[in-house]
Structures are given as C-alpha cells and as structure tokens.
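Q: My file is protein_4.txt. It has compact mmCIF, C-alpha atoms and all ligand atoms:
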```
# COMPACT_ATOMS: atom_id res chain seq x y z
CA MET A 19 89.03 58.75 116.18
CA THR A 20 86.80 60.09 113.43
CA ARG A 21 88.36 61.49 110.31
CA THR A 22 86.60 64.06 108.21
CA ASP A 23 88.81 63.82 105.13
CA PRO A 24 88.95 60.90 102.70
CA ASP A 25 92.22 59.00 102.69
CA SER A 26 94.63 60.27 100.09
CA CYS A 27 96.58 57.10 99.33
CA PRO A 28 98.00 57.28 95.84
CA GLY A 29 97.46 54.72 93.14
CA VAL A 30 98.03 54.53 89.41
CA LEU A 31 94.77 56.25 88.61
CA ARG A 32 95.24 58.82 91.36
CA LEU A 33 98.81 60.06 91.39
CA HIS A 34 100.28 61.84 94.38
CA ASN A 35 101.77 65.25 93.66
CA ALA A 36 105.12 64.83 95.37
CA ALA A 37 107.60 67.69 95.48
CA ASP A 38 109.67 66.06 92.76
CA GLY A 39 106.69 65.24 90.51
CA PRO A 40 103.74 62.82 90.22
CA LEU A 41 104.11 59.57 92.15
CA ALA A 42 102.26 56.34 91.29
CA ARG A 43 101.79 53.47 93.75
CA ILE A 44 101.17 50.05 92.26
CA ARG A 45 99.67 47.34 94.42
CA VAL A 46 101.34 43.94 94.35
CA PRO A 47 99.18 41.61 96.50
CA GLY A 48 101.35 39.25 98.53
CA GLY A 49 104.39 40.78 96.83
CA GLN A 50 103.95 38.20 94.06
CA LEU A 51 105.46 39.35 90.77
CA ALA A 52 105.91 37.35 87.61
CA PRO A 53 109.18 38.05 85.74
CA GLN A 54 107.34 39.74 82.87
CA GLN A 55 105.59 42.03 85.35
CA LEU A 56 108.91 43.10 86.82
CA GLN A 57 110.17 43.67 83.29
CA ALA A 58 107.13 45.86 82.57
CA LEU A 59 107.76 47.85 85.76
CA ALA A 60 111.41 48.30 84.83
CA GLU A 61 110.53 49.60 81.37
CA ALA A 62 107.90 51.93 82.82
CA ALA A 63 110.40 53.22 85.40
CA ARG A 64 112.99 53.96 82.77
CA GLU A 65 110.73 55.32 80.01
CA LEU A 66 107.95 57.02 81.98
CA ALA A 67 109.42 57.82 85.41
CA ASP A 68 112.72 58.50 87.19
CA GLY A 69 114.43 55.21 86.36
CA SER A 70 113.97 53.35 89.66
CA ILE A 71 111.33 51.16 91.25
CA GLU A 72 110.70 52.02 94.90
CA LEU A 73 109.79 49.12 97.16
CA THR A 74 107.35 50.01 99.96
CA SER A 75 106.79 48.67 103.46
CA ARG A 76 103.62 46.95 102.26
CA GLY A 77 105.37 45.00 99.55
CA ASN A 78 104.00 47.36 96.90
CA VAL A 79 106.01 49.50 94.48
CA GLN A 80 106.10 53.18 93.55
CA LEU A 81 107.30 55.10 90.54
CA ARG A 82 108.41 58.71 90.95
CA ARG A 83 108.33 61.65 88.55
CA VAL A 84 105.78 59.98 86.29
CA ARG A 85 105.73 61.79 82.95
CA ASP A 86 102.79 60.17 81.19
CA ALA A 87 100.03 58.82 83.44
CA SER A 88 97.91 57.46 80.57
CA ALA A 89 100.79 55.50 79.10
CA LEU A 90 101.63 54.13 82.54
CA GLU A 91 98.03 53.02 83.08
CA ALA A 92 97.98 51.25 79.70
CA ARG A 93 101.27 49.45 80.32
CA LEU A 94 100.39 48.32 83.83
CA THR A 95 96.97 47.12 82.68
CA ALA A 96 98.58 45.08 79.90
CA ALA A 97 100.99 43.56 82.42
CA GLY A 98 98.16 42.53 84.77
CA LEU A 99 99.28 45.01 87.41
CA LEU A 100 96.11 47.09 87.29
CA PRO A 101 93.30 44.54 87.11
CA SER A 102 90.62 46.75 88.61
CA ALA A 103 90.11 50.49 88.29
CA SER A 104 87.52 50.59 91.06
CA HIS A 105 89.48 48.52 93.59
CA GLU A 106 93.09 49.33 92.78
CA ARG A 107 93.95 51.14 96.02
CA ILE A 108 92.43 48.56 98.40
CA ARG A 109 94.56 45.62 97.24
CA ASN A 110 97.00 45.99 100.14
CA ILE A 111 97.89 42.42 101.03
CA ILE A 112 101.08 41.30 102.77
CA ALA A 113 101.94 37.61 103.00
CA SER A 114 104.87 35.65 104.45
CA PRO A 115 107.29 35.76 101.50
CA LEU A 116 108.79 32.31 102.06
CA ALA A 117 105.45 30.53 102.61
CA GLY A 118 105.22 27.19 100.88
CA ARG A 119 108.92 27.16 100.03
CA VAL A 120 111.01 27.55 103.19
CA GLY A 121 109.54 26.78 106.62
CA GLY A 122 106.18 27.98 107.88
CA ALA A 123 103.11 25.94 108.78
CA ALA A 124 101.04 26.66 105.66
CA ASP A 125 101.32 28.02 102.14
CA VAL A 126 99.35 31.27 102.15
CA HIS A 127 100.07 32.35 98.58
CA GLY A 128 96.96 30.66 97.22
CA LEU A 129 94.90 32.51 99.82
CA VAL A 130 96.42 35.79 98.62
CA VAL A 131 95.16 35.16 95.10
CA ALA A 132 91.70 34.19 96.38
CA LEU A 133 91.51 37.20 98.71
CA ASP A 134 92.53 39.57 95.94
CA ALA A 135 89.91 38.08 93.62
CA GLY A 136 87.28 38.28 96.37
CA LEU A 137 88.04 41.95 97.04
CA GLN A 138 87.84 42.86 93.38
CA ALA A 139 84.61 40.95 92.87
CA ASP A 140 82.77 42.82 95.62
CA PRO A 141 81.53 46.30 94.59
CA LEU A 142 80.87 47.36 98.19
CA LEU A 143 84.46 46.71 99.21
CA ALA A 144 85.66 49.37 96.79
CA LYS A 145 84.63 51.72 99.60
CA LEU A 146 87.39 50.46 101.90
CA PRO A 147 89.95 53.16 102.71
CA GLY A 148 93.19 52.75 100.81
CA ARG A 149 95.03 52.44 104.14
CA VAL A 150 93.43 49.15 105.13
CA LEU A 151 95.99 46.35 105.25
CA PHE A 152 95.40 42.59 105.02
CA THR A 153 98.04 40.19 106.35
CA LEU A 154 98.45 36.46 105.76
CA ASP A 155 101.08 34.88 107.99
CA ASP A 156 102.17 31.29 107.41
CA GLY A 157 102.65 30.79 111.14
CA ARG A 158 106.26 31.93 111.45
CA GLY A 159 105.12 35.32 112.74
CA ASP A 160 106.94 37.48 110.22
CA VAL A 161 104.04 39.59 108.94
CA SER A 162 101.35 39.39 111.63
CA GLY A 163 103.19 42.05 113.64
CA LEU A 164 103.22 44.57 110.82
CA GLY A 165 100.10 46.40 111.96
CA GLY A 166 97.47 44.87 109.70
CA ASP A 167 93.77 45.58 110.03
CA ILE A 168 92.45 42.16 109.05
CA GLY A 169 94.64 39.09 108.91
CA VAL A 170 94.97 35.37 109.29
CA HIS A 171 97.82 33.59 111.04
CA ALA A 172 98.37 29.88 110.46
CA VAL A 173 98.03 27.79 113.61
CA ASP A 174 98.70 24.61 111.68
CA GLY A 175 98.39 23.43 108.09
CA ASP A 176 94.61 23.84 107.97
CA THR A 177 93.67 26.20 110.77
CA TYR A 178 94.06 29.93 110.92
CA ALA A 179 93.60 32.48 113.68
CA LEU A 180 91.72 35.61 112.68
CA LEU A 181 93.61 38.78 113.56
CA LEU A 182 91.75 42.06 113.91
CA ALA A 183 93.57 45.36 114.34
CA GLY A 184 96.79 43.38 114.73
CA ALA A 185 95.64 41.17 117.62
CA ASP A 186 94.35 37.62 117.89
CA SER A 187 90.55 37.74 117.91
CA GLY A 188 90.32 34.21 119.32
CA VAL A 189 88.39 33.08 116.23
CA ARG A 190 89.71 30.00 114.43
CA VAL A 191 88.81 29.14 110.86
CA SER A 192 89.70 26.44 108.37
CA ALA A 193 91.84 27.25 105.34
CA GLY A 194 88.82 26.80 103.10
CA ASP A 195 86.85 29.47 104.96
CA ALA A 196 89.70 31.89 105.70
CA VAL A 197 89.19 34.16 102.70
CA GLY A 198 85.43 34.30 103.18
CA LEU A 199 85.96 35.29 106.79
CA MET A 200 88.43 38.04 105.88
CA LEU A 201 85.99 39.44 103.34
CA ALA A 202 83.20 39.32 105.93
CA ALA A 203 85.47 41.16 108.37
CA ALA A 204 86.09 43.81 105.71
CA HIS A 205 82.33 44.29 105.38
CA GLY A 206 82.10 44.49 109.17
CA PHE A 207 84.75 47.20 109.18
CA LEU A 208 82.73 49.24 106.67
CA GLU A 209 79.62 48.87 108.83
CA LEU A 210 81.41 49.92 112.02
CA ARG A 211 83.44 52.79 110.63
CA ASP A 212 82.45 56.40 110.96
CA GLY A 213 85.06 57.96 108.75
CA GLN A 214 88.01 56.06 110.24
CA TRP A 215 90.75 54.85 107.92
CA ARG A 216 92.03 51.97 110.04
CA LEU A 217 90.29 49.35 112.17
CA HIS A 218 92.26 50.20 115.32
CA GLU A 219 90.91 53.76 115.15
CA ILE A 220 87.38 52.48 115.89
CA PRO A 221 86.67 52.12 119.63
CA ASP A 222 86.60 48.44 120.68
CA ALA A 223 86.68 47.46 117.04
CA GLY A 224 88.26 44.04 117.62
CA PRO A 225 85.69 42.70 120.13
CA ARG A 226 82.77 44.32 118.34
CA LEU A 227 83.74 42.89 114.99
CA THR A 228 84.48 39.49 116.52
CA ASP A 229 81.00 39.35 118.08
CA ARG A 230 79.44 40.34 114.80
CA LEU A 231 81.27 37.60 112.89
CA LEU A 232 80.52 34.92 115.47
CA THR A 233 76.80 35.70 115.38
CA THR A 234 76.51 35.96 111.59
CA ARG A 235 78.77 33.15 110.34
CA SER A 236 78.64 29.45 111.00
CA GLY A 237 81.60 27.09 111.15
CA LEU A 238 83.79 29.27 113.33
CA ASP A 239 85.61 28.02 116.41
CA THR A 240 87.16 30.02 119.19
CA SER A 241 90.27 29.40 121.24
CA ASP A 242 91.33 30.57 124.68
CA GLU A 243 94.98 30.16 123.71
CA SER A 244 95.81 33.55 122.35
CA ILE A 245 98.61 33.92 119.86
CA GLU A 246 101.18 36.48 120.94
CA ILE A 247 101.75 38.85 118.05
CA GLY A 248 105.17 40.49 118.10
CA VAL A 249 107.22 42.64 115.76
CA ARG A 250 109.93 40.64 114.04
CA HIS A 251 112.70 41.94 111.87
CA GLU A 252 114.20 38.97 110.12
CA ILE A 253 114.74 39.92 106.52
CA PRO A 254 115.18 36.80 104.35
CA ILE A 255 118.64 37.38 102.89
CA GLY A 256 120.96 35.08 100.98
CA TRP A 257 120.77 31.42 100.10
CA MET A 258 117.77 29.42 101.40
CA THR A 259 117.10 25.82 100.47
CA GLN A 260 113.45 25.26 99.65
CA GLY A 261 111.42 22.24 100.72
CA ASP A 262 111.69 20.93 97.15
CA ASP A 263 115.52 21.28 97.24
CA ARG A 264 115.50 24.26 94.92
CA VAL A 265 116.93 27.57 96.12
CA ALA A 266 115.31 30.85 97.15
CA LEU A 267 117.65 33.84 97.15
CA GLY A 268 116.80 36.74 99.42
CA ALA A 269 118.23 40.07 98.28
CA GLY A 270 118.36 43.38 100.09
CA VAL A 271 117.77 46.55 98.06
CA PRO A 272 119.57 49.63 99.44
CA LEU A 273 116.91 52.02 100.77
CA GLY A 274 114.36 50.05 98.75
CA SER A 275 115.31 51.75 95.49
CA LEU A 276 115.70 49.25 92.69
CA PRO A 277 117.26 50.65 89.49
CA ALA A 278 115.41 49.66 86.32
CA ARG A 279 118.50 48.00 84.89
CA THR A 280 118.92 45.79 87.97
CA ALA A 281 115.22 44.92 87.84
CA GLU A 282 115.61 43.83 84.21
CA PHE A 283 118.43 41.49 85.16
CA ILE A 284 116.24 39.97 87.89
CA ALA A 285 113.36 39.58 85.45
CA ALA A 286 115.69 37.85 82.99
CA VAL A 287 116.23 35.06 85.52
CA GLU A 288 112.63 34.05 84.72
CA ARG A 289 111.72 32.86 88.16
CA PRO A 290 108.96 34.02 90.55
CA ILE A 291 109.79 37.19 92.46
CA LEU A 292 108.42 38.02 95.90
CA LEU A 293 108.60 41.57 97.19
CA THR A 294 108.86 41.71 100.97
CA PRO A 295 107.53 44.32 103.40
CA TRP A 296 111.16 44.97 104.41
CA ARG A 297 111.88 46.58 101.03
CA SER A 298 113.78 43.56 99.83
CA LEU A 299 112.92 40.72 97.45
CA VAL A 300 113.19 36.98 97.05
CA ILE A 301 113.95 35.21 93.77
CA ALA A 302 112.44 31.73 94.12
CA ASP A 303 112.60 28.29 92.54
CA LEU A 304 116.22 28.44 91.35
CA ASP A 305 118.48 25.47 90.79
CA GLU A 306 121.86 25.74 92.50
CA TRP A 307 123.78 26.66 89.36
CA ALA A 308 121.34 29.45 88.51
CA ALA A 309 121.42 30.72 92.10
CA GLU A 310 125.21 30.98 91.98
CA GLN A 311 125.03 32.92 88.70
CA VAL A 312 122.40 35.27 90.11
CA VAL A 313 124.61 36.18 93.07
CA ARG A 314 127.66 36.53 90.84
CA VAL A 315 125.85 38.96 88.51
CA LEU A 316 123.55 40.85 90.86
CA ALA A 317 125.79 41.41 93.90
CA PRO A 318 128.12 43.73 91.94
CA MET A 319 125.01 45.62 90.80
CA GLY A 320 124.22 46.48 94.42
CA LEU A 321 121.83 43.77 95.57
CA ILE A 322 122.67 42.55 99.07
CA PHE A 323 123.10 38.86 99.74
CA ASP A 324 125.06 39.29 103.00
CA ALA A 325 122.78 39.21 106.06
CA HIS A 326 125.33 41.30 107.99
CA SER A 327 125.32 44.22 105.56
CA PRO A 328 124.78 47.61 107.26
CA TRP A 329 122.34 48.45 104.46
CA LEU A 330 119.90 46.08 106.15
CA LEU A 331 119.95 48.20 109.31
CA VAL A 332 118.88 51.46 107.70
CA SER A 333 115.70 52.91 106.27
CA ALA A 334 114.79 56.46 105.33
CA CYS A 335 111.80 58.55 104.37
CA ALA A 336 111.58 60.15 100.93
CA GLY A 337 113.37 63.31 102.07
CA MET A 338 114.54 65.95 99.60
CA PRO A 339 113.79 66.34 96.74
CA GLY A 340 110.70 64.08 96.91
CA CYS A 341 109.10 65.73 99.94
CA ALA A 342 108.59 69.46 100.36
CA LYS A 343 108.66 69.15 104.17
CA SER A 344 112.13 67.65 104.26
CA ARG A 345 114.94 69.71 105.71
CA THR A 346 117.63 67.79 103.86
CA ASP A 347 118.41 64.94 101.48
CA VAL A 348 118.26 62.22 104.14
CA ARG A 349 118.74 59.39 101.66
CA ALA A 350 122.03 60.83 100.48
CA ASP A 351 123.09 61.34 104.11
CA VAL A 352 122.25 57.77 105.17
CA ALA A 353 123.94 56.33 102.07
CA GLU A 354 127.08 58.26 102.95
CA ALA A 355 126.88 57.00 106.54
CA VAL A 356 126.65 53.38 105.36
CA GLU A 357 129.43 53.70 102.81
CA SER A 358 131.79 55.42 105.22
CA GLY A 359 131.30 52.79 107.94
CA ARG A 360 129.32 54.94 110.36
CA VAL A 361 126.39 52.50 110.56
CA VAL A 362 127.55 49.85 112.98
CA PRO A 363 125.97 46.60 114.20
CA ALA A 364 123.60 46.53 117.15
CA GLY A 365 125.30 46.26 120.51
CA ALA A 366 127.32 49.45 120.64
CA PRO A 367 125.76 51.93 123.10
CA GLN A 368 123.58 54.53 121.44
CA PHE A 369 123.18 57.91 123.15
CA ALA A 370 120.69 60.69 122.52
CA ARG A 371 122.37 63.57 120.66
CA GLU A 372 121.23 66.68 118.84
CA GLY A 373 122.60 69.46 116.68
CA LEU A 374 124.68 67.02 114.62
CA GLU A 375 126.00 67.44 111.12
CA ALA A 376 125.25 64.41 108.94
CA ALA A 377 128.93 63.52 108.75
CA GLU A 378 129.17 63.42 112.56
CA ILE A 379 126.54 60.71 112.96
CA VAL A 380 127.65 57.26 114.02
CA ALA A 381 124.71 55.05 114.91
CA SER A 382 124.28 51.40 115.81
CA GLY A 383 121.60 48.85 115.07
CA ARG A 384 118.35 49.44 113.25
CA GLN A 385 117.86 53.10 112.44
CA HIS A 386 115.39 55.22 110.50
CA TRP A 387 116.44 58.56 109.04
CA SER A 388 113.73 61.20 108.56
CA GLY A 389 113.68 64.63 106.96
CA CYS A 390 111.27 65.96 109.61
CA GLU A 391 109.47 64.92 112.79
CA ARG A 392 106.74 62.99 110.96
CA ARG A 393 109.10 60.03 110.47
CA CYS A 394 107.26 58.62 107.46
CA GLY A 395 108.02 55.00 106.64
CA ARG A 396 109.45 54.27 110.08
CA PRO A 397 109.51 50.49 110.63
CA ARG A 398 107.71 49.10 113.65
CA GLY A 399 109.64 47.90 116.67
CA ALA A 400 112.88 49.00 118.32
CA VAL A 401 114.41 51.47 115.88
CA THR A 402 116.70 54.44 116.55
CA ASP A 403 115.35 57.64 115.03
CA ILE A 404 117.70 60.03 113.28
CA ILE A 405 115.69 63.14 112.52
CA ALA A 406 116.62 66.28 110.61
CA THR A 407 115.61 69.32 112.69
CA GLY A 408 115.98 73.03 112.12
CA ASP A 409 119.32 72.73 113.93
CA GLY A 410 121.03 69.66 112.49
CA TYR A 411 120.18 66.03 113.15
CA ARG A 412 118.83 64.63 116.40
CA ILE A 413 119.33 61.01 117.48
CA ASP A 414 116.56 59.39 119.53
CA PRO A 415 117.84 55.95 120.56
CA ALA A 416 115.57 52.92 120.30
CA ASP A 417 113.74 52.16 123.55
S1 LIG B 501 109.26 62.30 107.40
FE1 LIG B 501 108.90 64.46 106.84
S2 LIG B 501 110.42 64.87 105.27
FE2 LIG B 501 110.24 62.65 105.42
S3 LIG B 501 108.72 62.06 103.87
FE3 LIG B 501 107.66 62.34 105.82
S4 LIG B 501 106.92 64.46 105.78
FE4 LIG B 501 108.52 64.27 104.24
```
Show this structure as structure tokens.
A:
Amino acid sequence: MTRTDPDSCPGVLRLHNAADGPLARIRVPGGQLAPQQLQALAEAARELADGSIELTSRGNVQLRRVRDASALEARLTAAGLLPSASHERIRNIIASPLAGRVGGAADVHGLVVALDAGLQADPLLAKLPGRVLFTLDDGRGDVSGLGGDIGVHAVDGDTYALLLAGADSGVRVSAGDAVGLMLAAAHGFLELRDGQWRLHEIPDAGPRLTDRLLTTRSGLDTSDESIEIGVRHEIPIGWMTQGDDRVALGAGVPLGSLPARTAEFIAAVERPILLTPWRSLVIADLDEWAAEQVVRVLAPMGLIFDAHSPWLLVSACAGMPGCAKSRTDVRADVAEAVESGRVVPAGAPQFAREGLEAAEIVASGRQHWSGCERRCGRPRGAVTDIIATGDGYRIDPAD
C-alpha cells in the first residue's frame, strides 16, 4: 500500500480541527507521568480546554476544545511534556505498565527513556510518520499484541526478541543493544517506505528489514523458537503488591475521560503515574495506608478499582459533538447503557441485531460503540461492535 498524503496525526504544535474545536494530542512515552506533569495537564485541561484529559489507546493524552494553542505549548514545554518540537509526533511508545514493579521478566521503563532520547537525538527520525508505534513488553505479553511497528519483547532478564510489524522477527538482542536496534529498525523503515505510514503496509517488510539488520549490525542472535504474539485484554485494576512490598493501584477511567479535578487529586498523591493503552492508569509505589486512602477518595470520584466493573467492558469513539461524521452521541448512549445495567458480563449469548434504539441495546462482554462504520478507536481482539447507522444501532457480535 502506497499512500500519497502525509499522515495527519495531531500533536501540540499541529492541532486537529475536530467538530467541537481544536484537539491537541500530547505524547507520553511509556505512559510515564510525574505527578507535577499530571497537575500541569489538569490545569491546562481546565483553563485552556474542555476540562477533561482524554486517555488514548497508545497511552497518550488529548485535550479537546483548546482555546489558546500558544499558552498550551508554553505550559507543556515547561512541564517537560513537549521536549522536542521536531520530533513531538513520533514519540509513540507503549510499555508494559507494571514492568519492574509487579511480575514480568524485565524492567523496560529505562529502555523507554533511552529510546525516547535516541529518537529525539536523531534528526533523520523526525521524518517517521506520526502513526509509527514502538512497543516494549516486559515478557508478560500485554503490549506486544497491540499492533506495534517496531518492538522488543523480553525473553528473559537480559534478552529481548525484536518484533517487526507486530510479529517476532527471530532476532534476539541483549538489553544493552535493544534501543540501538530499535533505532536502526526505524531507519530501516524509512529506507524501505514509499509513502507508507505503517511498517505492515510495506510488502514483506518484516523479512526485508530483518535481513537488512542482520547484515548491517553485529552482535545479533537469531532463534528458531518464535514467540507467539497474541492480543490480551487484562487491564491492571485494583490492588497489586509490588516486588518491593509497596502497592500499585490500577484504576479504570470511564471511557478514558479523566476530569481535571480527579487528575489533580491523583497528582496530589505524589507518586509515579503510568497511563496504560487500555485508557486506564496505575498509581505506583504507595504504602498500604496511602493506597487505602487513595481508593477511599478516588472511587467516589468515579475511578474504577473493581475489576468486574462493566465500565471496563466498554469503549467508544469520539462521537457527537467531537466528530462531524457521527450519527449520534455514542458516549452518552454507552454511559446510559452501563449505568442502567444493560452492559452485562461476557458469557451471555450475543446476537446480531439492527435498527435498535440506544435504550433497547443490551450487550455482553467487550464492546465498542461507534458513531459510524469507521469504528475509530476500536480495541484489537474479540470485541462486539455497536454501530450507529442511518437506521438506529446495529450490533455485530464478536467473532
Ligand atoms: S467512528 Fe465515525 S463517528 Fe466515530 S470518531 Fe470515527 S469517524 Fe467519527
């Protein structure tokens, strides 16, 4: 597939003209946010945008209805959230949120920092399309299946498999060389591409890029034991005891929309925050007393600490009023479905239906609501689609 148009991914310096006003996307490599950065985002959301922070499926954030782009740029730069004007849109890096704290074979967060620095330091890599996604999986398999272009997946504490276009390339690399190899793969992508936005759009990109790396870089091994990459949907929710006996609290955020006031309460906890690609977050490094207080204060504000909450089954596109193509306000409709008990756990039979009013919809298991057939933001894997058509909603059950 060859594309003739440049990718149009928004950033802070290039806002997207959404139907409800300018939208800014702020990259958060590895989902790693310091408390003061979340505080800065909350203040920007309240004073310069619509009052909420949107979490994205790449662990980034968005602000809607931005009123003053220059003021936003200045604030985000001061908070360290816009470290590079030339490379801002290519810093799409997802990492296993719990790495180094709860389970996993390796701590990939240090690699995230090194990869981000390596990307920013390389002028040529500013040419990467804004859609390119890097993944760093600590071996538990939570992010390798999220459709990355270039990734590493921990095989053990010091060995990583190189993933290209979401599949195991067979190349094995030490932790010390992993970032260098990912950067070399990014250069290889630029050399192979002919307008494509994503690696998988280039014919035979994986094998071609693998051959190129094996012939140009020393110190690489290969393995015949291929790692099976699957799509997992295990959102870290609730109380998790870290390896150092402190506590990580996973919190769901209904439809990924975090009100500024709630974000300020999270920032006030003064602990590291990790945004996940499932539009949730993790507050890390808490002692038990603090963790109990966090749940006591933040659960009534709408954060979800119950892994069985129906909110964790649903996602939705922007819908009305944010998207001009939307036939209805899907987010209001899905919120009503959750709150009235019409989103039920997986297991109940789900039949194809069409011509439904929103209030008639009862759906089980993971489900994505869309304002039109494009189904923006649909998670990967087995998900029931609930799509607004010109004649009511249609339900397409998960395969
Ligand atoms: S799925 Fe359709 S309505 Fe929803 S955001 Fe995408 S284009 Fe807009």
Q: Mind pulling up the distance from atom CA of A:Phe152 to atom CA of A:His218?
A: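 So the answer is 13.2 Å.
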Q: Please write out the residues within 7 Å of ligand LIG 501 (chain B) as number ranges by chain, counting all atoms listed in the file.
A: A: 335-337, 341-345, 388-394
Q: I'd like the neighbourhood of stretch 270-279 of chain A as a ChimeraX atom specification, where a residue qualifies if any of its atoms comes within 6 Å (using all atoms listed in the file), though same-chain residues fewer than 2 positions away should be ignored.
A: /A:60,69-73,281-282,297-298,321-322,329,333
Q: Write out as a ChimeraX atom specification each polymer residue whose atoms come within 8 Å of A:Leu100, counting only C-alpha atoms; drop sequence neighbours fewer than 4 positions from it.
A: /A:30,44-45,91,94-95,106
Q: For atom CA of A:Ala196 and atom CA of A:Gly248, determine how far apart the two atoms are, in Å to one decimal place.
A: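 Computing the Euclidean distance for atom CA of A:Ala196 and atom CA of A:Gly248 yields 21.6 Å.
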Q: Between atom CA of A:Ala139 and atom CA of A:Ile220, what is the distance, to one decimal in Å?
A: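 About the pair atom CA of A:Ala139 and atom CA of A:Ile220: they are 25.9 Å apart.
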Q: For each of A:Glu357, A:Asp403, A:Asp174, A:Asp68, take the minimum atom-to-atom distance to A:Asp86, counting all atoms listed in the file, then give the residue where this is smallest.
A: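 Once distances to A:Asp86 are computed over all atoms listed in the file, the minimum belongs to A:Asp68.
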Q: Could you give me, as a compact mmCIF listing (two decimals) with C-alpha atoms, keeping the file's coordinate frame, the residues within 12 Å of A:Ile253, counting all atoms listed in the file and dropping anything in the same chain fewer than 3 positions from it?
A:
```txt
# COMPACT_ATOMS: atom_id res chain seq x y z
CA SER A 114 104.87 35.65 104.45
CA PRO A 115 107.29 35.76 101.50
CA LEU A 116 108.79 32.31 102.06
CA ASP A 160 106.94 37.48 110.22
CA VAL A 161 104.04 39.59 108.94
CA ARG A 250 109.93 40.64 114.04
CA GLY A 256 120.96 35.08 100.98
CA LEU A 267 117.65 33.84 97.15
CA GLY A 268 116.80 36.74 99.42
CA ALA A 269 118.23 40.07 98.28
CA GLY A 270 118.36 43.38 100.09
CA VAL A 271 117.77 46.55 98.06
CA LEU A 293 108.60 41.57 97.19
CA THR A 294 108.86 41.71 100.97
CA PRO A 295 107.53 44.32 103.40
CA TRP A 296 111.16 44.97 104.41
CA ARG A 297 111.88 46.58 101.03
CA SER A 298 113.78 43.56 99.83
CA LEU A 299 112.92 40.72 97.45
CA VAL A 300 113.19 36.98 97.05
CA ILE A 322 122.67 42.55 99.07
CA PHE A 323 123.10 38.86 99.74
CA ASP A 324 125.06 39.29 103.00
CA ALA A 325 122.78 39.21 106.06
CA HIS A 326 125.33 41.30 107.99
CA SER A 327 125.32 44.22 105.56
CA TRP A 329 122.34 48.45 104.46
CA LEU A 330 119.90 46.08 106.15
CA LEU A 331 119.95 48.20 109.31
```
Q: If we count only C-alpha atoms, what is near stretch 369-374 of chain A at a cut-off of 9 Å, once residues fewer than 6 positions away on the same chain are taken out, given as a PyMOL selection string?
A: chain A and resi 381+407-415
Q: Can you work out which one of A:Ala113, A:Val313, A:Ile301, A:Ile245 has the shortest atom-to-atom distance to A:Pro47, counting only C-alpha atoms?
A: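 So, comparing all the options, the nearest one is A:Ala113.
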Q: Put the listed atoms of stretch 176-179 of chain A in a box along x, y and z with 6 Å added on every side and give me the centre and edge lengths in Å to one decimal, as JSON.
A:
```
{"center_x": 94.1, "center_y": 28.2, "center_z": 110.8, "size_x": 13.0, "size_y": 20.6, "size_z": 17.7}
```
Q: With all atoms listed in the file as the atoms that count, which of A:Gly194, A:Pro221, A:Gly188, A:Gly320 lies nearest to A:Gly237?
A: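 Using all atoms listed in the file, the shortest distance to A:Gly237 belongs to A:Gly194.
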Q: Between A:Pro147, A:Pro397, A:Gly198, A:Gly122, which has the minimum distance to A:Val173 (counting only C-alpha atoms)?
A: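 Distance minimum relative to A:Val173 lands on A:Gly122.
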Q: Taking all atoms listed in the file into account, name the residue in A:Ala144, A:Leu129, A:Ala135, A:Ala117 that is nearest to A:Ser104.
A: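 Of all the options, A:Ala144 lies closest to A:Ser104.
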Q: Nearest residue to A:Gly121 out of A:Gly261, A:Pro367, A:Gly163, A:Pro101, using all atoms listed in the file?
A: A:Gly261
Q: Which residues are near A:Leu182? Cut-off 9 Å, only C-alpha atoms, ignore same chain within fewer than 5 positions. Put them as a compact mmCIF listing (two decimals) with C-alpha atoms, in the frame of the given file.
A:
```txt
# COMPACT_ATOMS: atom_id res chain seq x y z
CA GLY A 166 97.47 44.87 109.70
CA ASP A 167 93.77 45.58 110.03
CA ILE A 168 92.45 42.16 109.05
CA GLY A 169 94.64 39.09 108.91
CA VAL A 170 94.97 35.37 109.29
CA SER A 187 90.55 37.74 117.91
CA ALA A 203 85.47 41.16 108.37
CA LEU A 217 90.29 49.35 112.17
CA HIS A 218 92.26 50.20 115.32
CA ALA A 223 86.68 47.46 117.04
CA GLY A 224 88.26 44.04 117.62
CA PRO A 225 85.69 42.70 120.13
CA LEU A 227 83.74 42.89 114.99
CA THR A 228 84.48 39.49 116.52
```
Q: Would you list the residues near (80.7, 34.1, 109.1), meaning any protein, DNA or RNA residue with an atom at most 10 Å from that point in file coordinates, counting all atoms listed in the file, as a list in words?
A: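 Within 10 Å of (80.7, 34.1, 109.1), the protein and nucleic acid residues are Val191, Asp195, Ala196, Gly198, Leu199, Met200, Leu201, Ala202, Ala203, Thr228, Arg230, Leu231, Leu232, Thr233, Thr234, Arg235, Ser236, Gly237 and Leu238 of chain A.
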